[in-house]
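What follows is the content of run.pdb (PDB, C-alpha atoms).
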ATOM      1  CA  ALA A   1      83.788 172.752  44.737
ATOM      2  CA  LEU A   2      85.928 171.365  41.986
ATOM      3  CA  LEU A   3      88.916 173.582  42.622
ATOM      4  CA  LEU A   4      92.491 172.654  43.433
ATOM      5  CA  PHE A   5      95.105 174.658  45.299
ATOM      6  CA  THR A   6      98.756 175.051  46.061
ATOM      7  CA  ASN A   7      99.749 176.706  49.321
ATOM      8  CA  ILE A   8      99.720 180.251  50.609
ATOM      9  CA  SER A   9     100.767 180.773  54.199
ATOM     10  CA  SER A  10      98.794 183.974  54.712
ATOM     11  CA  GLY A  11      95.495 182.395  53.672
ATOM     12  CA  PRO A  12      93.221 182.889  50.686
ATOM     13  CA  THR A  13      91.544 186.096  51.902
ATOM     14  CA  VAL A  14      94.677 187.809  50.620
ATOM     15  CA  PHE A  15      92.760 187.443  47.337
ATOM     16  CA  GLY A  16      89.361 188.278  48.870
ATOM     17  CA  ASP A  17      86.240 186.258  49.514
ATOM     18  CA  CYS A  18      86.460 183.046  47.457
ATOM     19  CA  THR A  19      83.355 181.370  48.920
ATOM     20  CA  LEU A  20      81.085 182.407  46.027
ATOM     21  CA  SER A  21      78.966 184.288  48.590
ATOM     22  CA  PRO A  22      77.018 187.401  47.530
ATOM     23  CA  VAL A  23      80.092 189.509  48.442
ATOM     24  CA  SER A  24      82.588 187.204  46.758
ATOM     25  CA  GLY A  25      84.761 188.911  44.223
ATOM     26  CA  SER A  26      86.489 185.779  43.023
ATOM     27  CA  SER A  27      86.684 182.036  43.286
ATOM     28  CA  CYS A  28      89.569 179.927  44.496
ATOM     29  CA  ASP A  29      90.748 179.401  40.941
ATOM     30  CA  GLY A  30      92.155 182.929  41.021
ATOM     31  CA  CYS A  31      95.166 181.262  42.622
ATOM     32  CA  HIS A  32      94.460 177.534  42.254
ATOM     33  CA  VAL A  33      94.383 175.566  39.031
ATOM     34  CA  HIS A  34      91.268 173.486  38.425
ATOM     35  CA  THR A  35      92.151 170.205  36.771
ATOM     36  CA  GLY A  36      89.304 167.970  37.934
ATOM     37  CA  ARG A  37      91.642 165.324  39.334
ATOM     38  CA  PHE A  38      89.672 165.186  42.567
ATOM     39  CA  LEU A  39      85.949 165.671  42.937
ATOM     40  CA  PRO A  40      85.586 167.037  46.476
ATOM     41  CA  THR A  41      82.352 167.552  48.357
ATOM     42  CA  THR A  42      81.991 170.149  51.080
ATOM     43  CA  THR A  43      79.498 169.748  53.919
ATOM     44  CA  ILE A  44      78.551 172.141  56.694
ATOM     45  CA  SER A  45      77.212 171.121  60.093
ATOM     46  CA  ILE A  46      76.323 173.200  63.142
ATOM     47  CA  LYS A  47      76.201 172.135  66.779
ATOM     48  CA  ASP A  48      74.899 174.091  69.736
ATOM     49  CA  SER A  49      76.851 174.646  72.952
ATOM     50  CA  VAL A  50      75.947 171.187  74.326
ATOM     51  CA  GLY A  51      76.875 169.347  71.118
ATOM     52  CA  ASN A  52      73.421 168.854  69.565
ATOM     53  CA  PHE A  53      73.180 169.235  65.801
ATOM     54  CA  VAL A  54      71.151 172.248  64.694
ATOM     55  CA  THR A  55      68.902 170.882  61.967
ATOM     56  CA  ASN A  56      66.000 173.313  61.922
ATOM     57  CA  GLY A  57      67.975 176.278  60.600
ATOM     58  CA  LEU A  58      67.081 178.388  63.615
ATOM     59  CA  TYR A  59      69.690 180.112  65.746
ATOM     60  CA  LYS A  60      69.336 181.978  69.034
ATOM     61  CA  PRO A  61      70.861 185.470  69.142
ATOM     62  CA  PHE A  62      74.147 185.739  71.075
ATOM     63  CA  GLN A  63      74.379 181.933  71.519
ATOM     64  CA  ASN A  64      77.588 180.033  70.786
ATOM     65  CA  TYR A  65      77.719 177.337  68.112
ATOM     66  CA  THR A  66      80.393 175.195  66.481
ATOM     67  CA  ILE A  67      80.444 175.145  62.702
ATOM     68  CA  THR A  68      82.244 172.251  61.034
ATOM     69  CA  ILE A  69      83.283 172.451  57.401
ATOM     70  CA  GLN A  70      84.241 169.009  56.095
ATOM     71  CA  VAL A  71      85.876 168.550  52.705
ATOM     72  CA  PHE A  72      86.191 165.042  51.304
ATOM     73  CA  ALA A  73      87.409 163.684  47.984
ATOM     74  CA  PRO A  74      87.488 160.019  46.989
ATOM     75  CA  PRO A  75      90.698 158.719  45.404
ATOM     76  CA  SER A  76      91.245 160.019  41.902
ATOM     77  CA  SER A  77      91.093 157.558  39.007
ATOM     78  CA  GLU A  78      93.893 159.620  37.474
ATOM     79  CA  LEU A  79      96.018 159.534  40.656
ATOM     80  CA  PRO A  80      94.859 156.400  42.543
ATOM     81  CA  ALA A  81      97.900 156.231  44.842
ATOM     82  CA  ILE A  82      97.619 159.865  45.967
ATOM     83  CA  THR A  83      95.732 160.753  49.138
ATOM     84  CA  PRO A  84      94.204 164.212  48.705
ATOM     85  CA  LEU A  85      94.937 167.114  51.038
ATOM     86  CA  TYR A  86      92.396 169.842  51.733
ATOM     87  CA  GLY A  87      91.713 173.536  52.102
ATOM     88  CA  ALA A  88      88.612 175.606  52.803
ATOM     89  CA  GLN A  89      87.269 179.101  53.262
ATOM     90  CA  ALA A  90      83.980 180.011  54.987
ATOM     91  CA  VAL A  91      82.042 183.100  56.079
ATOM     92  CA  VAL A  92      78.660 183.698  57.771
ATOM     93  CA  LEU A  93      76.624 186.558  56.318
ATOM     94  CA  SER A  94      73.250 188.136  56.936
ATOM     95  CA  GLN A  95      70.991 187.836  53.915
ATOM     96  CA  GLN A  96      70.102 191.535  54.208
ATOM     97  CA  SER A  97      71.048 192.963  50.827
ATOM     98  CA  PRO A  98      72.660 194.912  49.313
ATOM     99  CA  TYR A  99      75.457 194.806  51.911
ATOM    100  CA  PHE A 100      75.252 191.266  53.326
ATOM    101  CA  PRO A 101      76.919 192.199  56.639
ATOM    102  CA  GLN A 102      78.829 189.781  58.849
ATOM    103  CA  ALA A 103      76.338 187.725  60.879
ATOM    104  CA  GLY A 104      77.845 187.067  64.273
ATOM    105  CA  VAL A 105      81.540 186.434  64.754
ATOM    106  CA  LEU A 106      83.778 183.470  63.952
ATOM    107  CA  SER A 107      86.540 182.653  66.435
ATOM    108  CA  TYR A 108      88.920 179.886  67.440
ATOM    109  CA  PRO A 109      87.154 176.996  69.177
ATOM    110  CA  SER A 110      89.780 176.860  71.936
ATOM    111  CA  THR A 111      93.212 178.156  72.821
ATOM    112  CA  ASP A 112      94.557 175.312  70.672
ATOM    113  CA  ASN A 113      94.588 176.636  67.103
ATOM    114  CA  ASN A 114      94.801 173.051  65.848
ATOM    115  CA  ALA A 115      91.224 172.603  67.029
ATOM    116  CA  LEU A 116      90.293 174.539  63.883
ATOM    117  CA  GLY A 117      91.817 171.819  61.775
ATOM    118  CA  THR A 118      95.455 171.560  60.880
ATOM    119  CA  GLY A 119      96.382 174.446  58.649
ATOM    120  CA  ALA A 120      93.431 176.727  59.450
ATOM    121  CA  GLN A 121      93.162 180.273  60.726
ATOM    122  CA  ILE A 122      90.677 183.068  61.344
ATOM    123  CA  SER A 123      91.121 186.139  59.133
ATOM    124  CA  TRP A 124      89.435 189.548  59.064
ATOM    125  CA  VAL A 125      88.694 191.065  55.671
ATOM    126  CA  SER A 126      86.436 194.057  54.964
ATOM    127  CA  GLY A 127      84.813 193.832  58.401
ATOM    128  CA  ARG A 128      84.048 190.124  58.127
ATOM    129  CA  THR A 129      85.617 187.082  59.804
ATOM    130  CA  TYR A 130      86.609 184.093  57.692
ATOM    131  CA  LEU A 131      87.662 180.564  58.512
ATOM    132  CA  GLU A 132      90.312 179.617  55.969
ATOM    133  CA  HIS A 133      93.241 177.340  55.263
ATOM    134  CA  ASN A 134      96.790 178.620  55.472
ATOM    135  CA  GLN A 135      98.364 175.281  54.538
ATOM    136  CA  ARG A 136      97.229 171.854  53.357
ATOM    137  CA  CYS A 137      95.073 169.909  55.819
ATOM    138  CA  THR A 138      95.202 166.101  55.996
ATOM    139  CA  SER A 139      91.794 165.572  57.637
ATOM    140  CA  GLY A 140      89.640 167.948  55.608
ATOM    141  CA  ILE A 141      87.855 168.951  58.815
ATOM    142  CA  PHE A 142      87.747 172.599  59.870
ATOM    143  CA  ASN A 143      85.979 173.650  63.101
ATOM    144  CA  VAL A 144      85.164 177.185  64.177
ATOM    145  CA  HIS A 145      83.124 178.839  66.919
ATOM    146  CA  TRP A 146      80.305 181.093  65.795
ATOM    147  CA  LYS A 147      78.641 183.552  68.140
ATOM    148  CA  ALA A 148      75.214 184.192  66.648
ATOM    149  CA  PRO A 149      74.318 187.782  65.786
ATOM    150  CA  VAL A 150      72.087 190.251  67.587
ATOM    151  CA  PRO A 151      68.288 189.901  67.426
ATOM    152  CA  GLY A 152      66.776 191.215  64.212
ATOM    153  CA  MET A 153      69.625 190.096  61.942
ATOM    154  CA  GLY A 154      67.229 187.704  60.254
ATOM    155  CA  THR A 155      68.235 184.863  57.972
ATOM    156  CA  VAL A 156      71.938 184.101  57.757
ATOM    157  CA  GLY A 157      73.875 182.075  55.224
ATOM    158  CA  ILE A 158      77.023 180.043  55.756
ATOM    159  CA  TYR A 159      79.108 180.106  52.598
ATOM    160  CA  ALA A 160      81.988 177.667  52.228
ATOM    161  CA  ALA A 161      84.342 176.544  49.486
ATOM    162  CA  GLY A 162      86.357 173.336  49.799
ATOM    163  CA  LEU A 163      89.441 172.229  47.880
ATOM    164  CA  ALA A 164      91.340 168.982  47.324
ATOM    165  CA  VAL A 165      94.932 168.793  46.059
ATOM    166  CA  ASP A 166      97.491 166.191  45.112
ATOM    167  CA  ASN A 167     100.313 167.895  47.080
ATOM    168  CA  ASN A 168     102.758 168.221  44.211
ATOM    169  CA  ALA A 169     102.625 172.061  44.344
ATOM    170  CA  ALA A 170     101.674 172.174  40.668
ATOM    171  CA  PHE A 171      97.875 172.110  41.125
TER     172      PHE A 171
END
Have the structure of the file written as structure tokens, please.
Amino acid sequence: ALLLFTNISSGPTVFGDCTLSPVSGSSCDGCHVHTGRFLPTTTISIKDSVGNFVTNGLYKPFQNYTITIQVFAPPSSELPAITPLYGAQAVVLSQQSPYFPQAGVLSYPSTDNNALGTGAQISWVSGRTYLEHNQRCTSGIFNVHWKAPVPGMGTVGIYAAGLAVDNNAAF
């Protein structure tokens, strides 16, 4: 994602799904100005309950997984002395169209909300759970538990948008 953000304490789902998923009604630039100062990359990884990476794309119904969304941006040539700060939004959806229902449930990885990543929260919007930022995050790492859906849900997609900002509240 090449989008930049300021801060909103209630989280981006106030503006809807910004992940560019099939149910997304907007992108993050509905509230964040895109200037191209940072060129962030967003990666998604999944681990099973014993910490093994899931690389085959197969999940087991009702099993618990940890999804990690990592946003990274190298220093900007325009702002070389500025360390970027990060935000993200993610949702897990069944690929069953036309409704693309929630696939499983996202939840906090522990009783410590900081385990999500500084500045992250779980939000419910239109019957779906979202991992999202509610302030700027210094690490760019957002963790969330995912309980896989019931049997028969089929293929699921994890949709995530990542953001990098210069922390001057103007971008």
Who sits within 10 Å of A:Pro151, all atoms listed in the file, same chain under 3 positions skipped, as a PyMOL selection string: chain A and resi 60-62+148+154
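Selection by the PyMOL selection byres ((chain A and resi 38-41) around 8) on the present file picks out Ala1, Leu2, Gly36, Arg37, Thr42, Thr43, Val71, Phe72, Ala73, Pro74, Pro75, Ser76, Pro84, Gly162, Leu163, Ala164 and Val165 of chain A.
Taken over the whole file, the PyMOL selection byres ((chain A and resi 158) around 8) covers exactly A:Ala90, A:Val91, A:Val92, A:Leu93, A:Val156, A:Gly157, A:Tyr159, A:Ala160.
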Nearest-residue call for A:Ser45, choices A:Val150, A:His145, A:Ser139, A:Gln121, using only C-alpha atoms: A:His145
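Nearest-residue note for A:Asp17: choosing from A:Ser97, A:Gln89, A:Gln102, A:Asn134, the minimum distance belongs to A:Gln89, counting all atoms listed in the file.
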So what does the PyMOL selection byres ((chain A and resi 130) around 8) actually pick up in this one, as a compact mmCIF listing (two decimals) with C-alpha atoms, in the coordinates of the input?
# COMPACT_ATOMS: atom_id res chain seq x y z
CA THR A 13 91.54 186.10 51.90
CA GLN A 89 87.27 179.10 53.26
CA ALA A 90 83.98 180.01 54.99
CA VAL A 91 82.04 183.10 56.08
CA VAL A 92 78.66 183.70 57.77
CA LEU A 106 83.78 183.47 63.95
CA ILE A 122 90.68 183.07 61.34
CA SER A 123 91.12 186.14 59.13
CA TRP A 124 89.44 189.55 59.06
CA VAL A 125 88.69 191.06 55.67
CA ARG A 128 84.05 190.12 58.13
CA THR A 129 85.62 187.08 59.80
CA LEU A 131 87.66 180.56 58.51
CA GLU A 132 90.31 179.62 55.97
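Neighbouring residues of A:Thr68 at 6 Å or closer, counting all atoms listed in the file and skipping chain neighbours under 2 positions away, are Ile44, Ser45, Phe142 and Asn143 of chain A.
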Nearby residues, (79.4, 178.9, 63.0) file frame, 6 Å, all atoms listed in the file, as a ChimeraX atom specification: /A:65-67,145-146
Output file for the selection above: C-alpha atoms, as a PDB file, keeping the file's coordinate frame:
ATOM      1  CA  TYR A  65      77.719 177.337  68.112  1.00  0.00           C
ATOM      2  CA  THR A  66      80.393 175.195  66.481  1.00  0.00           C
ATOM      3  CA  ILE A  67      80.444 175.145  62.702  1.00  0.00           C
ATOM      4  CA  HIS A 145      83.124 178.839  66.919  1.00  0.00           C
ATOM      5  CA  TRP A 146      80.305 181.093  65.795  1.00  0.00           C
TER       6      TRP A 146
END
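Shortest separation to A:Gln70 among A:Thr155, A:Asn167, A:Thr138, A:Thr55 occurs at residue A:Thr138, atoms counted being only C-alpha atoms.
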Point-to-point distance from atom CA of A:Pro80 to atom CA of A:Ile141, Å rounded to tenths: 21.7 Å
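Distance-wise, atom CA of A:Cys137 and atom CA of A:Leu85 end up 5.5 Å apart.
Closest approach to A:Ile69 among A:Val144, A:Ala103, A:Leu20, A:Val54 is made by A:Val144 (distances from only C-alpha atoms).
Restricting the calculation to all atoms listed in the file, the smallest distance between A:Gly152 and any of A:Tyr108, A:Ser94, A:Gln135, A:Tyr99 is found for A:Ser94.
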Of the listed residues A:Ser107, A:Ser126, A:Asn64, A:Gln96, that which approaches A:Ser24 most closely, counting only C-alpha atoms: A:Ser126
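The gap separating atom CA of A:Leu58 from atom CA of A:Gln95 is 14.1 Å, in Å to one decimal.
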